[in-house]
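**Q** Pasting a structure here, questions to come.
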Amino acid sequence: MSRTNFDQLLEAGCHFGHLRRKWNPAMAPYIFMERNGIHIIDLHKTVAKVDEAAEALKGIAKSGKKILFVATKKQAKEVVAEKAASVNMPYVNERWAGGMLTNFPTIRKAVKKMTNIDKLMNDGTFSNLSKRELLQISRQRAKLEKNLGSIADLTRLPSALFVVDVMKEHIAVKEANRLGIPVFGIVDTNSDPKNIDYVIPANDDAKDSVAAILGACCEAIAEGLTERKAEKADEKANAEQSEVAPEAKPKRSARKTEESPKAENEAPVAE
C-alpha cells in the first residue's frame, strides 16, 4: 500500500512548481503541464518517488543509523524540527555551517565546548566570574545552541541527508556528495536533480507540501526503528533462554580408563 496518495498531495499543494522562466530543464520528466506560466508537477510520479524514498529511509533507520534533516528556509524550519524530533533524528534548521560534514571533527569540538560550558555552570566554577564575563559566556553558549544544539547527539557522520530545497542547501548537498553520503531531496521545478540520489519532485515552498512529504517519510523511519527494537528484544530473549535452558548433551569424564594389556602368547596352565 502506498504511503501517500494523489489526493493528499494535491490538497497540500505539492503540484505547484515555479514560473516557466525559472525552470530547470533537467526536471522535465517530472513536469505534467504548464498553466498560466507555472509548471505543474506530475503527482503520480511524486507518489512513486515518496514510496521509494520512504522504503530506503526505513532500511537506514532499521540498521540503527542516523539521518540528518536539513531545511533552513523559513517555511520549512518548524516542520522539519517537529518531524525530525518525533523520530529522534538530528536536524539543521538555522544555518548550514560550512564543513559540517567534511570537517566533522571540528564541529564535534564545538559541540563538546557547549557541553563543557554547561558542566562548568552547573558545578559552580563560573560563580567567581564577573557579570560581564558570564554574559559573554552565556552569549557564546546561546549561539552554539542555536546552530549546533540539534546535532548534539550526532557523534559520527550521518548515513543519509534529507534536504528540503536542494537549490538553497547546495553546500550541504555538495559535502554529502563528496563523502558519498546518499541524499534525499524535495526537488522543485527550478532545481537540478542531478546530484540527488532520491528525488522527490514537489513544491518545496509551501509548508503543507513539506509537511505531507516529511510525514510519510518520518512514518517509515518510525516503522524501521520499531522493527529494530523488536528484533533486539527477540535476540535478547533468545539469548536469555539459551543460557537458562539445561544442556542437552551428557557430560563426558575427562579421564580415560586404561585397559590392562593382554599377555601375548600365554602358555596354557598345565593341570
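Naming works like this for the C-alpha cells: A, B, ... for the chains as they're shown, residue 1 at the start of each chain, ligands 1 onward in shown order.
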I want to know what sits within 12 Å of Phe104 (chain A), based on only C-alpha atoms, with residues of the same chain fewer than 6 positions away left out; could you give that as a VMD selection string?
**A** chain A and resid 97 to 98 110 to 111 148 151 154 to 158 175 to 176 179
**Q** If you keep C-alpha atoms, can you produce a file of those selected residues as a PDB file, in the first residue's frame?
**A**
ATOM      1  CA  ALA A  97      27.854  25.742   8.853  1.00  0.00           C
ATOM      2  CA  GLY A  98      30.364  25.175   6.058  1.00  0.00           C
ATOM      3  CA  ALA A 110      32.291  22.989  19.133  1.00  0.00           C
ATOM      4  CA  VAL A 111      29.530  20.715  20.451  1.00  0.00           C
ATOM      5  CA  LEU A 148      24.543  23.100  16.754  1.00  0.00           C
ATOM      6  CA  ILE A 151      23.023  17.836  16.293  1.00  0.00           C
ATOM      7  CA  LEU A 154      25.291  13.188  16.345  1.00  0.00           C
ATOM      8  CA  THR A 155      28.565  11.529  17.370  1.00  0.00           C
ATOM      9  CA  ARG A 156      29.524  10.378  13.868  1.00  0.00           C
ATOM     10  CA  LEU A 157      28.737  11.263  10.273  1.00  0.00           C
ATOM     11  CA  PRO A 158      25.107  10.631   9.276  1.00  0.00           C
ATOM     12  CA  GLU A 175      29.512  17.998   1.076  1.00  0.00           C
ATOM     13  CA  ALA A 176      27.358  14.865   1.144  1.00  0.00           C
ATOM     14  CA  LEU A 179      31.716  11.989   1.199  1.00  0.00           C
TER      15      LEU A 179
END
**Q** Which polymer residues have any atom within 12 Å of an atom of Met114 (chain A), counting only C-alpha atoms, with same-chain residues fewer than 6 positions away left out, as a list of chain:residue names?
**A**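 After dropping sequence-adjacent residues, the list is A:Ile107, A:Arg108, A:Leu120, A:Met121, A:Ile137, A:Ser138, A:Arg139, A:Gln140, A:Arg141, A:Ala142, A:Lys143, A:Leu144, A:Glu145, A:Lys146, A:Asn147, A:Leu148, A:Gly149, A:Ile151, A:Ala152.
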**Q** Write out the residues from the selection above, keeping N, CA and C atoms, as a short mmCIF file (atom, residue, chain, number, x, y, z; two decimals), in the first residue's frame.
**A**
data_model
loop_
_atom_site.label_atom_id
_atom_site.label_comp_id
_atom_site.auth_asym_id
_atom_site.auth_seq_id
_atom_site.Cartn_x
_atom_site.Cartn_y
_atom_site.Cartn_z
N ILE A 107 33.45 20.38 14.09
CA ILE A 107 32.07 20.61 14.55
C ILE A 107 31.83 19.89 15.89
N ARG A 108 32.37 18.68 16.01
CA ARG A 108 32.23 17.93 17.27
C ARG A 108 32.92 18.66 18.42
N LEU A 120 30.45 23.35 33.57
CA LEU A 120 31.12 24.31 34.45
C LEU A 120 30.11 25.25 35.12
N MET A 121 29.02 25.54 34.42
CA MET A 121 27.98 26.39 35.02
C MET A 121 27.25 25.65 36.14
N ILE A 137 30.03 34.47 28.12
CA ILE A 137 29.95 33.01 28.04
C ILE A 137 28.52 32.57 27.71
N SER A 138 27.54 33.24 28.30
CA SER A 138 26.14 32.90 28.04
C SER A 138 25.77 33.15 26.58
N ARG A 139 26.27 34.25 26.03
CA ARG A 139 26.01 34.55 24.61
C ARG A 139 26.66 33.53 23.70
N GLN A 140 27.87 33.14 24.07
CA GLN A 140 28.57 32.13 23.28
C GLN A 140 27.82 30.80 23.32
N ARG A 141 27.33 30.45 24.49
CA ARG A 141 26.56 29.21 24.66
C ARG A 141 25.26 29.25 23.85
N ALA A 142 24.59 30.40 23.87
CA ALA A 142 23.34 30.54 23.14
C ALA A 142 23.57 30.43 21.63
N LYS A 143 24.66 30.98 21.15
CA LYS A 143 24.98 30.91 19.72
C LYS A 143 25.27 29.47 19.30
N LEU A 144 26.03 28.75 20.14
CA LEU A 144 26.33 27.34 19.84
C LEU A 144 25.05 26.49 19.87
N GLU A 145 24.19 26.78 20.82
CA GLU A 145 22.93 26.04 20.93
C GLU A 145 22.04 26.27 19.71
N LYS A 146 22.01 27.49 19.24
CA LYS A 146 21.17 27.84 18.09
C LYS A 146 21.62 27.11 16.83
N ASN A 147 22.94 27.06 16.61
CA ASN A 147 23.47 26.48 15.38
C ASN A 147 23.73 24.97 15.46
N LEU A 148 24.11 24.49 16.65
CA LEU A 148 24.54 23.10 16.75
C LEU A 148 23.77 22.28 17.78
N GLY A 149 22.84 22.89 18.48
CA GLY A 149 22.11 22.17 19.53
C GLY A 149 21.35 20.97 19.02
N ILE A 151 22.16 18.95 16.69
CA ILE A 151 23.02 17.84 16.29
C ILE A 151 23.96 17.43 17.43
N ALA A 152 23.61 17.79 18.65
CA ALA A 152 24.47 17.48 19.80
C ALA A 152 24.65 15.97 19.98
#
**Q** May I ask for the distance between CA of Asp165 (chain A) and CA of Asp204 (chain A), given in Å to one decimal place?
**A**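 Computing the Euclidean distance for CA of Asp165 (chain A) and CA of Asp204 (chain A) yields 5.7 Å.
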**Q** My list of candidates is A:Leu19, A:Ala160, A:Ala222, A:Leu43. Which is closest to Lys83 (chain A) when distances are computed with only C-alpha atoms?
**A** A:Ala222
**Q** Using only C-alpha atoms, which of the listed residues (A:Val87, A:Val187, A:Ala81, A:Ala216) sits closest to Asn24 (chain A)?
**A**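 Nearest to Asn24 (chain A): A:Val187.
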**Q** I'd like the interatomic distance between CA of Lys49 (chain A) and CA of Lys168 (chain A), to a tenth of an Å.
**A**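 Between CA of Lys49 (chain A) and CA of Lys168 (chain A) the gap is 21.0 Å.
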**Q** Listing only residues of region 75-171 of chain A within 8 Å of region 55-70 of chain A, what is the closest atom pair and its distance in Å (to one decimal) for each, using only C-alpha atoms, sorted by chain and residue number ascending, as JSON lines?
**A**
{"residue": "A:Val80", "atom": "CA", "partner": "A:Phe69", "partner_atom": "CA", "distance": 7.0}
{"residue": "A:Ala84", "atom": "CA", "partner": "A:Phe69", "partner_atom": "CA", "distance": 6.9}
{"residue": "A:Met89", "atom": "CA", "partner": "A:Ile67", "partner_atom": "CA", "distance": 6.2}
{"residue": "A:Pro90", "atom": "CA", "partner": "A:Leu68", "partner_atom": "CA", "distance": 5.2}
{"residue": "A:Tyr91", "atom": "CA", "partner": "A:Phe69", "partner_atom": "CA", "distance": 4.4}
{"residue": "A:Val92", "atom": "CA", "partner": "A:Val70", "partner_atom": "CA", "distance": 4.9}
{"residue": "A:Asn93", "atom": "CA", "partner": "A:Val70", "partner_atom": "CA", "distance": 6.1}
{"residue": "A:Leu154", "atom": "CA", "partner": "A:Lys66", "partner_atom": "CA", "distance": 7.9}
{"residue": "A:Pro158", "atom": "CA", "partner": "A:Lys66", "partner_atom": "CA", "distance": 5.1}
{"residue": "A:Ser159", "atom": "CA", "partner": "A:Lys66", "partner_atom": "CA", "distance": 5.7}
{"residue": "A:Ala160", "atom": "CA", "partner": "A:Ile67", "partner_atom": "CA", "distance": 4.8}
{"residue": "A:Leu161", "atom": "CA", "partner": "A:Leu68", "partner_atom": "CA", "distance": 4.9}
{"residue": "A:Phe162", "atom": "CA", "partner": "A:Phe69", "partner_atom": "CA", "distance": 4.7}
{"residue": "A:Val163", "atom": "CA", "partner": "A:Val70", "partner_atom": "CA", "distance": 4.9}
{"residue": "A:Val164", "atom": "CA", "partner": "A:Val70", "partner_atom": "CA", "distance": 6.4}
{"residue": "A:Glu169", "atom": "CA", "partner": "A:Val70", "partner_atom": "CA", "distance": 7.6}
**Q** One decimal, in Å: what's the spacing between CA of Cys14 (chain A) and CA of Glu223 (chain A)?
**A** 24.2 Å
**Q** So, with only C-alpha atoms as the atoms that count, which of A:Lys113, A:His15, A:His44, A:Lys22 lies closest to Asp192 (chain A)?
**A**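 Answer, going by the shortest atom-to-atom distance: A:Lys22.
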**Q** Could you give me the residues within region 43-205 of chain A that DSSP places in strand (DSSP E), as a list in words?
**A**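 Restricting region 43-205 of chain A to strand (DSSP E) produces Ile67, Leu68, Phe69, Val70, Tyr91, Val92, Ala160, Leu161, Phe162, Val163, Val164, Val183, Phe184, Gly185, Ile186, Val187, Tyr198, Val199, Ile200 and Pro201 of chain A.
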**Q** Print the selection's residues with N, CA and C atoms to a file, as an mmCIF file, in the first residue's frame.
**A**
data_model
loop_
_atom_site.group_PDB
_atom_site.id
_atom_site.type_symbol
_atom_site.label_atom_id
_atom_site.label_comp_id
_atom_site.auth_asym_id
_atom_site.auth_seq_id
_atom_site.Cartn_x
_atom_site.Cartn_y
_atom_site.Cartn_z
ATOM 1 N N ILE A 67 19.888 9.812 10.199
ATOM 2 C CA ILE A 67 19.548 10.583 9.002
ATOM 3 C C ILE A 67 19.491 12.046 9.419
ATOM 4 N N LEU A 68 20.262 12.893 8.749
ATOM 5 C CA LEU A 68 20.315 14.315 9.084
ATOM 6 C C LEU A 68 19.355 15.091 8.181
ATOM 7 N N PHE A 69 18.399 15.792 8.791
ATOM 8 C CA PHE A 69 17.430 16.608 8.047
ATOM 9 C C PHE A 69 17.947 18.041 7.959
ATOM 10 N N VAL A 70 17.833 18.625 6.771
ATOM 11 C CA VAL A 70 18.341 19.988 6.548
ATOM 12 C C VAL A 70 17.263 20.836 5.884
ATOM 13 N N TYR A 91 18.812 17.387 13.098
ATOM 14 C CA TYR A 91 18.364 18.280 12.033
ATOM 15 C C TYR A 91 19.108 19.614 12.117
ATOM 16 N N VAL A 92 19.141 20.306 10.996
ATOM 17 C CA VAL A 92 19.727 21.649 10.917
ATOM 18 C C VAL A 92 18.667 22.552 10.307
ATOM 19 N N ALA A 160 22.719 9.336 5.925
ATOM 20 C CA ALA A 160 21.923 9.904 4.843
ATOM 21 C C ALA A 160 21.581 11.348 5.172
ATOM 22 N N LEU A 161 21.268 12.110 4.117
ATOM 23 C CA LEU A 161 20.892 13.516 4.262
ATOM 24 C C LEU A 161 19.522 13.706 3.617
ATOM 25 N N PHE A 162 18.600 14.335 4.346
ATOM 26 C CA PHE A 162 17.292 14.660 3.773
ATOM 27 C C PHE A 162 17.208 16.183 3.680
ATOM 28 N N VAL A 163 17.081 16.681 2.447
ATOM 29 C CA VAL A 163 17.165 18.120 2.204
ATOM 30 C C VAL A 163 15.848 18.645 1.645
ATOM 31 N N VAL A 164 15.401 19.760 2.201
ATOM 32 C CA VAL A 164 14.253 20.487 1.655
ATOM 33 C C VAL A 164 14.805 21.692 0.901
ATOM 34 N N VAL A 183 21.749 11.290 -0.680
ATOM 35 C CA VAL A 183 20.948 12.495 -0.445
ATOM 36 C C VAL A 183 19.506 12.260 -0.883
ATOM 37 N N PHE A 184 18.574 12.510 0.030
ATOM 38 C CA PHE A 184 17.141 12.509 -0.262
ATOM 39 C C PHE A 184 16.726 13.970 -0.346
ATOM 40 N N GLY A 185 15.990 14.338 -1.370
ATOM 41 C CA GLY A 185 15.651 15.748 -1.508
ATOM 42 C C GLY A 185 14.279 16.001 -2.084
ATOM 43 N N ILE A 186 13.593 17.024 -1.528
ATOM 44 C CA ILE A 186 12.376 17.546 -2.149
ATOM 45 C C ILE A 186 12.838 18.543 -3.207
ATOM 46 N N VAL A 187 12.600 18.216 -4.461
ATOM 47 C CA VAL A 187 13.159 18.985 -5.580
ATOM 48 C C VAL A 187 12.036 19.684 -6.330
ATOM 49 N N TYR A 198 17.840 10.316 -4.213
ATOM 50 C CA TYR A 198 16.412 10.012 -4.148
ATOM 51 C C TYR A 198 15.641 11.314 -4.353
ATOM 52 N N VAL A 199 15.174 11.512 -5.583
ATOM 53 C CA VAL A 199 14.480 12.749 -5.952
ATOM 54 C C VAL A 199 12.988 12.613 -5.626
ATOM 55 N N ILE A 200 12.464 13.604 -4.885
ATOM 56 C CA ILE A 200 11.025 13.678 -4.621
ATOM 57 C C ILE A 200 10.528 14.972 -5.257
ATOM 58 N N PRO A 201 9.981 14.908 -6.473
ATOM 59 C CA PRO A 201 9.523 16.134 -7.142
ATOM 60 C C PRO A 201 8.281 16.699 -6.464
#
